[in-house]
>>> print(open('work_0.txt').read())   # compact mmCIF, C-alpha atoms
# COMPACT_ATOMS: atom_id res chain seq x y z
CA MET A 1 -21.50 25.43 -23.05
CA ALA A 2 -19.37 27.89 -21.08
CA PRO A 3 -18.95 31.25 -22.83
CA ILE A 4 -15.65 32.41 -24.26
CA VAL A 5 -14.62 35.40 -22.15
CA LEU A 6 -12.63 38.19 -23.81
CA ASP A 7 -10.91 41.17 -22.26
CA GLY A 8 -12.09 44.19 -24.24
CA THR A 9 -8.84 46.06 -23.53
CA PHE A 10 -6.64 43.47 -25.25
CA GLY A 11 -4.48 44.67 -28.16
CA GLU A 12 -6.30 47.28 -30.24
CA GLY A 13 -8.93 47.34 -27.49
CA GLY A 14 -11.69 48.85 -29.62
CA GLY A 15 -14.10 48.12 -32.43
CA ALA A 16 -11.98 45.52 -34.21
CA LEU A 17 -12.05 43.24 -31.16
CA ILE A 18 -15.82 43.59 -30.80
CA ARG A 19 -16.54 43.08 -34.50
CA THR A 20 -14.34 39.98 -34.76
CA ALA A 21 -15.76 38.48 -31.59
CA LEU A 22 -19.36 38.91 -32.73
CA ALA A 23 -18.65 37.45 -36.18
CA MET A 24 -16.78 34.46 -34.77
CA SER A 25 -19.47 33.77 -32.18
CA ALA A 26 -22.14 33.80 -34.89
CA LEU A 27 -20.09 31.58 -37.20
CA THR A 28 -19.17 28.98 -34.58
CA GLN A 29 -22.36 29.21 -32.48
CA GLN A 30 -20.22 29.58 -29.39
CA PRO A 31 -21.46 31.92 -26.65
CA MET A 32 -19.10 34.70 -25.66
CA ARG A 33 -18.80 37.60 -23.26
CA VAL A 34 -16.68 40.74 -23.57
CA SER A 35 -15.70 42.66 -20.44
CA SER A 36 -14.12 46.11 -20.13
CA VAL A 37 -15.41 47.16 -23.55
CA ARG A 38 -13.06 49.88 -24.84
CA GLY A 39 -11.77 50.10 -21.27
CA ASN A 40 -8.53 51.85 -22.22
CA LEU A 41 -10.11 54.34 -24.64
CA ASN A 42 -11.73 57.72 -24.10
CA SER A 43 -15.07 56.56 -25.56
CA GLN A 44 -15.68 53.50 -23.39
CA GLY A 45 -18.49 51.00 -23.79
CA LEU A 46 -20.55 49.84 -26.77
CA GLN A 47 -20.98 52.40 -29.55
CA PRO A 48 -23.81 52.74 -32.13
CA GLU A 49 -21.74 50.92 -34.77
CA ASP A 50 -21.17 47.97 -32.42
CA LEU A 51 -24.88 47.78 -31.62
CA CYS A 52 -25.87 47.83 -35.29
CA ILE A 53 -23.64 44.80 -35.94
CA LEU A 54 -24.80 43.07 -32.76
CA HIS A 55 -28.48 43.54 -33.62
CA ALA A 56 -27.97 42.24 -37.19
CA LEU A 57 -26.17 39.11 -35.98
CA ARG A 58 -28.72 38.61 -33.21
CA LEU A 59 -31.42 38.58 -35.88
CA SER A 60 -29.42 36.17 -38.07
CA THR A 61 -28.63 33.71 -35.24
CA HIS A 62 -31.63 34.34 -32.97
CA ALA A 63 -29.07 35.11 -30.26
CA GLU A 64 -29.75 35.82 -26.63
CA THR A 65 -27.89 38.86 -25.33
CA THR A 66 -27.21 40.79 -22.15
CA GLY A 67 -25.74 44.26 -21.82
CA ALA A 68 -26.53 45.11 -25.45
CA GLU A 69 -27.01 48.79 -24.70
CA LEU A 70 -25.28 52.02 -25.63
CA GLY A 71 -22.28 52.63 -23.39
CA SER A 72 -22.37 49.17 -21.80
CA THR A 73 -18.89 48.07 -20.69
CA GLU A 74 -19.80 44.37 -20.65
CA PHE A 75 -22.04 42.31 -22.90
CA SER A 76 -22.74 38.71 -23.82
CA PHE A 77 -23.88 37.08 -27.06
CA LEU A 78 -25.37 33.57 -27.21
CA PRO A 79 -26.34 32.29 -30.70
CA THR A 80 -29.15 29.72 -30.65
CA ARG A 81 -29.04 28.67 -34.31
CA ALA A 82 -26.73 28.73 -37.31
CA PRO A 83 -26.81 32.06 -39.19
CA ILE A 84 -29.58 32.63 -41.72
CA ALA A 85 -29.72 35.16 -44.56
CA LEU A 86 -30.97 38.68 -43.85
CA ASN A 87 -33.33 40.85 -45.85
CA ALA A 88 -33.50 43.98 -43.78
CA ALA A 89 -32.86 47.67 -43.31
CA LEU A 90 -30.19 47.89 -40.63
CA ALA A 91 -30.91 50.53 -38.00
CA ILE A 92 -28.04 52.40 -36.37
CA PRO A 93 -28.92 53.52 -32.81
CA GLU A 94 -28.34 57.10 -31.71
CA GLY A 95 -25.28 57.93 -29.65
CA LEU A 96 -25.28 59.69 -26.29
CA ASP A 97 -25.25 63.02 -28.17
CA GLY A 98 -28.45 62.09 -30.01
CA LEU A 99 -26.62 61.49 -33.29
CA SER A 100 -25.71 58.25 -35.07
CA HIS A 101 -22.00 57.58 -35.52
CA ALA A 102 -21.45 54.53 -37.69
CA ASN A 103 -19.57 53.65 -40.83
CA CYS A 104 -21.83 51.74 -43.23
CA ALA A 105 -19.05 49.84 -44.98
CA THR A 106 -17.49 48.70 -41.69
CA VAL A 107 -20.83 47.26 -40.56
CA LEU A 108 -21.38 45.45 -43.86
CA ASN A 109 -17.80 44.14 -43.98
CA THR A 110 -18.25 42.54 -40.56
CA LEU A 111 -21.37 40.72 -41.75
CA ILE A 112 -19.87 39.39 -45.01
CA PRO A 113 -18.20 36.17 -43.73
CA VAL A 114 -21.32 35.30 -41.73
CA LEU A 115 -23.87 35.95 -44.47
CA ALA A 116 -21.71 34.21 -47.10
CA ARG A 117 -22.16 30.95 -45.16
CA THR A 118 -25.96 31.02 -44.84
CA GLY A 119 -26.73 29.24 -48.12
CA ALA A 120 -29.08 31.99 -49.31
CA TYR A 121 -28.98 35.52 -50.71
CA SER A 122 -28.98 38.47 -48.30
CA HIS A 123 -30.20 41.97 -49.17
CA LEU A 124 -29.42 44.85 -46.82
CA THR A 125 -29.92 48.59 -46.66
CA ILE A 126 -28.04 50.78 -44.19
CA GLN A 127 -27.82 54.50 -43.49
CA GLY A 128 -24.85 56.36 -42.03
CA GLU A 129 -21.35 57.53 -42.89
CA THR A 130 -20.08 56.33 -46.28
CA TYR A 131 -16.81 58.33 -46.51
CA ALA A 132 -14.47 59.07 -43.62
CA THR A 133 -10.89 60.02 -42.82
CA ASN A 134 -10.01 56.98 -40.69
CA ALA A 135 -12.64 54.42 -41.67
CA LEU A 136 -13.59 52.30 -44.66
CA GLY A 137 -15.05 54.46 -47.46
CA PHE A 138 -17.60 53.30 -50.01
CA ASP A 139 -15.25 53.31 -53.03
CA SER A 140 -12.62 51.34 -51.09
CA PHE A 141 -15.31 48.88 -50.01
CA ALA A 142 -16.97 48.50 -53.43
CA GLY A 143 -13.57 48.39 -55.18
CA PRO A 144 -10.58 46.66 -53.56
CA THR A 145 -12.41 45.13 -50.59
CA LEU A 146 -15.08 43.34 -52.60
CA ALA A 147 -12.52 42.48 -55.30
CA LEU A 148 -10.41 40.73 -52.67
CA TYR A 149 -13.47 38.92 -51.31
CA GLY A 150 -14.12 37.82 -54.89
CA ARG A 151 -10.67 36.23 -54.99
CA LEU A 152 -11.64 34.39 -51.78
CA GLY A 153 -14.79 33.12 -53.48
CA VAL A 154 -17.25 35.57 -51.90
CA TYR A 155 -19.51 37.41 -54.32
CA ALA A 156 -21.17 40.61 -53.21
CA VAL A 157 -22.28 43.95 -54.68
CA ALA A 158 -22.65 47.34 -53.00
CA ASP A 159 -24.49 50.38 -54.37
CA GLN A 160 -24.37 53.89 -52.98
CA ILE A 161 -27.76 55.60 -53.10
CA GLU A 162 -26.59 58.70 -51.26
CA ALA A 163 -23.17 59.62 -49.87
CA GLY A 164 -22.50 60.57 -46.27
CA PHE A 165 -19.27 62.50 -45.75
CA GLY A 166 -17.94 62.26 -42.19
CA ARG A 167 -19.41 61.65 -38.76
CA ASN A 168 -23.09 62.36 -38.23
CA SER A 169 -23.78 62.16 -41.99
CA THR A 170 -26.60 60.08 -43.42
CA GLY A 171 -25.67 58.30 -46.59
CA THR A 172 -27.42 55.16 -47.83
CA LEU A 173 -25.92 51.91 -49.12
CA LYS A 174 -27.61 48.86 -50.56
CA PHE A 175 -25.84 45.52 -50.38
CA GLU A 176 -26.37 42.05 -51.78
CA ILE A 177 -24.33 38.92 -51.06
CA GLU A 178 -24.56 35.43 -52.54
CA PRO A 179 -24.04 32.14 -50.69
CA SER A 180 -20.36 31.41 -51.23
CA ALA A 181 -17.71 28.71 -50.84
CA LEU A 182 -14.44 30.19 -49.61
CA ASN A 183 -10.98 29.35 -50.90
CA GLY A 184 -7.59 30.44 -49.61
CA LEU A 185 -5.02 32.85 -51.08
CA ASP A 186 -1.50 31.72 -51.89
CA TRP A 187 -0.15 35.22 -52.38
CA THR A 188 3.54 35.25 -51.58
CA SER A 189 4.41 37.28 -54.69
CA ARG A 190 2.28 39.71 -56.67
CA GLY A 191 2.85 38.62 -60.22
CA GLU A 192 1.99 40.99 -63.07
CA LEU A 193 0.08 44.23 -62.59
CA ILE A 194 -3.48 43.96 -63.93
CA ARG A 195 -4.78 47.50 -63.34
CA VAL A 196 -4.58 50.62 -61.21
CA GLN A 197 -7.79 52.55 -60.62
CA ALA A 198 -8.62 55.90 -59.04
CA VAL A 199 -12.04 57.26 -58.12
CA LEU A 200 -12.54 60.89 -57.09
CA ALA A 201 -15.96 61.20 -55.45
CA LEU A 202 -17.40 64.65 -54.81
CA GLY A 203 -20.63 65.84 -53.21
CA GLN A 204 -21.96 69.40 -53.51
CA LEU A 205 -18.66 70.67 -54.93
CA SER A 206 -18.02 72.46 -58.22
CA ASP A 207 -16.79 70.74 -61.37
CA SER A 208 -13.76 73.03 -61.31
CA ILE A 209 -12.58 71.42 -58.06
CA ALA A 210 -13.02 67.96 -59.56
CA GLN A 211 -11.07 68.91 -62.69
CA ARG A 212 -8.28 70.50 -60.65
CA GLY A 213 -7.96 67.42 -58.48
CA MET A 214 -8.02 64.94 -61.35
CA GLY A 215 -5.64 67.03 -63.43
CA PHE A 216 -3.17 67.09 -60.54
CA LEU A 217 -3.51 63.33 -60.07
CA ARG A 218 -2.87 62.67 -63.76
CA ARG A 219 0.31 64.76 -63.63
CA LEU A 220 1.52 62.73 -60.65
CA VAL A 221 0.69 59.50 -62.45
CA GLN A 222 2.48 60.57 -65.61
CA ALA A 223 5.57 61.65 -63.68
CA ASN A 224 5.76 58.21 -62.06
CA GLY A 225 5.00 56.22 -65.22
CA ILE A 226 2.00 54.34 -63.82
CA PRO A 227 -0.88 53.20 -66.06
CA MET A 228 -4.01 54.32 -64.21
CA GLU A 229 -7.73 54.37 -64.99
CA THR A 230 -9.35 57.49 -63.48
CA GLU A 231 -12.97 58.41 -62.81
CA ILE A 232 -14.77 61.43 -61.36
CA VAL A 233 -18.05 60.61 -59.61
CA ASN A 234 -20.47 63.34 -58.55
CA VAL A 235 -22.50 61.76 -55.76
CA LYS A 236 -25.78 62.79 -54.22
CA SER A 237 -25.03 64.05 -50.74
CA GLY A 238 -26.63 66.08 -47.97
CA THR A 239 -23.30 67.75 -47.18
CA PRO A 240 -20.25 68.78 -49.22
CA GLY A 241 -17.29 66.41 -49.30
CA VAL A 242 -14.57 64.78 -51.38
CA ASN A 243 -12.84 61.41 -51.25
CA LEU A 244 -10.06 59.92 -53.38
CA THR A 245 -9.57 56.16 -53.61
CA ILE A 246 -6.61 54.60 -55.46
CA TRP A 247 -5.99 50.88 -55.67
CA GLY A 248 -4.01 48.39 -57.67
CA GLU A 249 -4.78 44.79 -58.62
CA PHE A 250 -2.10 42.23 -59.45
CA GLU A 251 -2.24 38.57 -60.47
CA SER A 252 -1.82 37.73 -56.77
CA GLY A 253 -2.27 40.96 -54.89
CA ILE A 254 -4.62 43.85 -54.14
CA GLY A 255 -4.00 47.04 -52.23
CA GLY A 256 -4.71 50.72 -52.11
CA THR A 257 -5.62 53.70 -50.03
CA GLN A 258 -8.06 56.56 -49.65
CA SER A 259 -7.85 60.23 -48.72
CA SER A 260 -10.69 62.49 -47.61
CA GLY A 261 -11.09 66.23 -47.76
CA ALA A 262 -11.83 68.66 -44.95
CA ARG A 263 -12.90 72.29 -44.72
CA GLY A 264 -10.04 74.54 -45.80
CA LEU A 265 -8.00 71.67 -47.30
CA ARG A 266 -7.05 72.16 -50.92
CA ILE A 267 -7.99 69.41 -53.37
CA GLU A 268 -4.34 69.13 -54.42
CA THR A 269 -3.44 68.27 -50.83
CA VAL A 270 -6.10 65.54 -50.72
CA VAL A 271 -4.77 64.08 -53.97
CA GLN A 272 -1.11 64.29 -52.94
CA THR A 273 -1.84 62.57 -49.61
CA GLY A 274 -3.73 59.73 -51.29
CA PHE A 275 -1.18 59.29 -54.06
CA ASP A 276 1.77 59.21 -51.66
CA ALA A 277 0.06 56.56 -49.52
CA PHE A 278 -0.75 54.46 -52.58
CA MET A 279 2.83 54.66 -53.86
CA LYS A 280 4.08 53.40 -50.51
CA PHE A 281 2.07 50.22 -51.04
CA PHE A 282 2.78 50.08 -54.79
CA LYS A 283 6.55 50.16 -54.29
CA SER A 284 6.48 47.54 -51.54
CA GLU A 285 6.45 43.75 -51.91
CA ALA A 286 3.17 43.39 -50.02
CA THR A 287 0.36 41.42 -51.65
CA ILE A 288 -2.36 42.89 -49.39
CA ASP A 289 -2.43 46.35 -47.87
CA GLU A 290 -2.64 46.90 -44.12
CA TYR A 291 -6.36 47.77 -44.14
CA LEU A 292 -7.55 44.93 -46.36
CA ALA A 293 -5.68 42.40 -44.22
CA ASP A 294 -7.80 42.97 -41.12
CA GLN A 295 -10.98 43.33 -43.20
CA ILE A 296 -10.75 39.82 -44.70
CA ILE A 297 -8.96 37.88 -41.95
CA VAL A 298 -12.16 36.23 -40.64
CA ALA A 299 -13.17 35.06 -44.13
CA ALA A 300 -9.66 33.75 -44.81
CA THR A 301 -9.77 31.55 -41.70
CA LEU A 302 -12.97 29.90 -42.97
CA ALA A 303 -11.52 28.95 -46.35
CA ASP A 304 -11.20 25.31 -47.36
CA SER A 305 -7.56 25.79 -48.37
CA PRO A 306 -4.62 27.52 -46.63
CA SER A 307 -3.71 31.17 -47.11
CA HIS A 308 -0.31 32.82 -47.18
CA PHE A 309 0.10 36.53 -47.92
CA LYS A 310 2.36 39.51 -47.33
CA VAL A 311 1.03 42.57 -45.51
CA SER A 312 2.37 46.09 -45.97
CA ARG A 313 2.02 46.71 -42.21
CA LEU A 314 1.02 44.44 -39.33
CA THR A 315 -1.51 46.65 -37.58
CA SER A 316 -2.81 46.32 -34.06
CA ARG A 317 -6.27 45.72 -35.56
CA LEU A 318 -5.04 42.73 -37.57
CA LEU A 319 -3.10 41.20 -34.68
CA THR A 320 -6.06 41.68 -32.33
CA GLY A 321 -8.41 40.06 -34.84
CA ILE A 322 -6.10 37.05 -35.14
CA TRP A 323 -5.98 36.71 -31.35
CA VAL A 324 -9.79 36.75 -31.15
CA ILE A 325 -10.14 34.16 -33.93
CA LYS A 326 -7.82 31.81 -32.06
CA GLN A 327 -10.10 31.95 -29.02
CA PHE A 328 -12.90 30.42 -31.11
CA LEU A 329 -11.09 28.05 -33.49
CA PRO A 330 -8.28 25.49 -33.18
CA ILE A 331 -6.48 27.04 -36.12
CA HIS A 332 -2.85 27.71 -36.96
CA ILE A 333 -2.24 31.36 -37.84
CA THR A 334 1.44 32.22 -38.05
CA VAL A 335 2.49 35.86 -38.17
CA LYS A 336 6.06 36.79 -39.04
CA GLY A 337 7.13 40.36 -38.41
CA LYS A 338 6.70 43.04 -35.78
CA GLU A 339 3.70 45.26 -35.18
CA ASP A 340 3.70 48.37 -37.40
CA GLN A 341 6.22 46.72 -39.74
CA PRO A 342 5.74 44.67 -42.95
CA GLY A 343 5.05 41.00 -42.31
CA THR A 344 3.54 37.74 -43.50
CA VAL A 345 0.46 35.83 -42.40
CA GLN A 346 -0.01 32.08 -42.92
CA ILE A 347 -3.30 30.32 -42.13
CA LYS A 348 -3.74 26.55 -41.87
CA ARG A 349 -6.85 24.82 -40.55
>>> encode(input="work_0.txt", output="structure tokens")
Amino acid sequence: MAPIVLDGTFGEGGGALIRTALAMSALTQQPMRVSSVRGNLNSQGLQPEDLCILHALRLSTHAETTGAELGSTEFSFLPTRAPIALNAALAIPEGLDGLSHANCATVLNTLIPVLARTGAYSHLTIQGETYATNALGFDSFAGPTLALYGRLGVYAVADQIEAGFGRNSTGTLKFEIEPSALNGLDWTSRGELIRVQAVLALGQLSDSIAQRGMGFLRRLVQANGIPMETEIVNVKSGTPGVNLTIWGEFESGIGGTQSSGARGLRIETVVQTGFDAFMKFFKSEATIDEYLADQIIVAATLADSPSHFKVSRLTSRLLTGIWVIKQFLPIHITVKGKEDQPGTVQIKR
């Protein structure tokens, strides 16, 4: 079988393309090759996070690979069997600077649609970043992401043993996923609000900071008349850090946001940033937020029934993922709307 050849500079031109391609190759057992990996970005070639995913899927599918090395600008992946369940500690390779740069939740999210189809339980442990400014944080993953997968029929649980705030950190997550049958989402309107939740996670910071932040959030919530469940979580961590996650669940909709702290940034600023971003989604008509959409798009295409949902913003990551999926499957995915604007996605097998 001739491999599917993908241009690594297409669309988003980064990790989303690589992650989707690897997942789809494993799911369909079709060989593929990616050229010009991150060719238009400053950090070109395969990164530690890519290699962690590649190695996990190689183990699951007994795949043959070429170019699976740090910094490689071209690689191939040839599965030789259908995916099997994994019971493993996933190792993240070191980067060129001798440090590991990988987001644990992003790695696990990529593996979910593959492991859900193996017919057996998978148990994984992974070490790396668990909270970040521009990547999937643990509370977002364990909360809205896994809740949305649950609506798709995928059942998984994530536990944080130790938090890792930011690049080069070493947190630890444990993850378990059941064999699952996927169903589609007919989410063209939200329906009634079920709950709004907020989690303020802090590592190596004083209780006074936590109380200030949560008090400020509660005042914002009260001023806007939103019923919200709030929780402060003091996490074990090797470095100080703070992360706020807010998300809402409707009868036919899930969405939220997260905001991370940085040295010199007041806790009130972290809270205000996260709250403002959440309210943007909350006041919209979207049924899935812009980040969740690209996280679950692979699983949605595998469902036995069609899906139809509204997205708060059509990101380059989502549109790139859809393009990659279409290279592997004869599937109808209709997107209405312009990039960086609200839109709708309809999936029919």
>>> axis_aligned_box(input="work_0.txt", around="region 142-157 of chain A", padding_each_side="3 Å", output="AutoDock Vina command-line options")
--center_x -16.3 --center_y 40.8 --center_z -52.9 --size_x 17.9 --size_y 21.4 --size_z 10.7
>>> closest_residue(input="work_0.txt", among="A:Ser35, A:Asn103, A:Asn42, A:Thr118", to="Thr66 (chain A)", atoms="only C-alpha atoms")
A:Ser35
>>> closest_residue(input="work_0.txt", among="A:Gln341, A:Thr315, A:Gln204, A:Gln346", to="Thr188 (chain A)", atoms="only C-alpha atoms")
A:Gln346
>>> residues_around(input="work_0.txt", residues="region 326-328 of chain A", least_positions_apart="2", cutoff="8 Å", atoms="all atoms listed in the file", output="number ranges by chain")
A: 4, 24-25, 28, 30, 322-324, 330-331
>>> closest_residue(input="work_0.txt", among="A:Thr130, A:Thr273, A:Thr9, A:Ser307", to="Gly238 (chain A)", atoms="only C-alpha atoms")
A:Thr130
>>> residues_around(input="work_0.txt", residues="Ala85 (chain A)", least_positions_apart="6", cutoff="8 Å", atoms="all atoms listed in the file", output="JSON, numbers by chain")
{"A": [60, 115, 118, 119, 120, 121, 122]}
>>> closest_atom_pairs(input="work_0.txt", of="region 233-255 of chain A", to="region 134-146 of chain A", cutoff="10 Å", atoms="only C-alpha atoms", output="JSON lines")
{"residue": "A:Asn243", "atom": "CA", "partner": "A:Gly137", "partner_atom": "CA", "distance": 8.2}
{"residue": "A:Leu244", "atom": "CA", "partner": "A:Asp139", "partner_atom": "CA", "distance": 8.4}
{"residue": "A:Thr245", "atom": "CA", "partner": "A:Ser140", "partner_atom": "CA", "distance": 6.2}
{"residue": "A:Ile246", "atom": "CA", "partner": "A:Ser140", "partner_atom": "CA", "distance": 8.1}
{"residue": "A:Trp247", "atom": "CA", "partner": "A:Pro144", "partner_atom": "CA", "distance": 6.6}
{"residue": "A:Gly248", "atom": "CA", "partner": "A:Pro144", "partner_atom": "CA", "distance": 7.9}
{"residue": "A:Glu249", "atom": "CA", "partner": "A:Pro144", "partner_atom": "CA", "distance": 7.9}
{"residue": "A:Ile254", "atom": "CA", "partner": "A:Pro144", "partner_atom": "CA", "distance": 6.6}
{"residue": "A:Gly255", "atom": "CA", "partner": "A:Pro144", "partner_atom": "CA", "distance": 6.7}
>>> atom_distance(input="work_0.txt", atom1="CA of Ala68 (chain A)", atom2="CA of Thr133 (chain A)")
27.7 Å
>>> closest_atom_pairs(input="work_0.txt", of="region 63-182 of chain A", to="region 302-306 of chain A", cutoff="8 Å", atoms="only C-alpha atoms", output="tab-separated table")
residue	atom	partner	partner_atom	distance
A:Leu152	CA	A:Ala303	CA	7.7
A:Ala181	CA	A:Ala303	CA	7.7
A:Leu182	CA	A:Ala303	CA	4.5
>>> atom_distance(input="work_0.txt", atom1="CA of Gly71 (chain A)", atom2="CA of Leu86 (chain A)")
26.2 Å
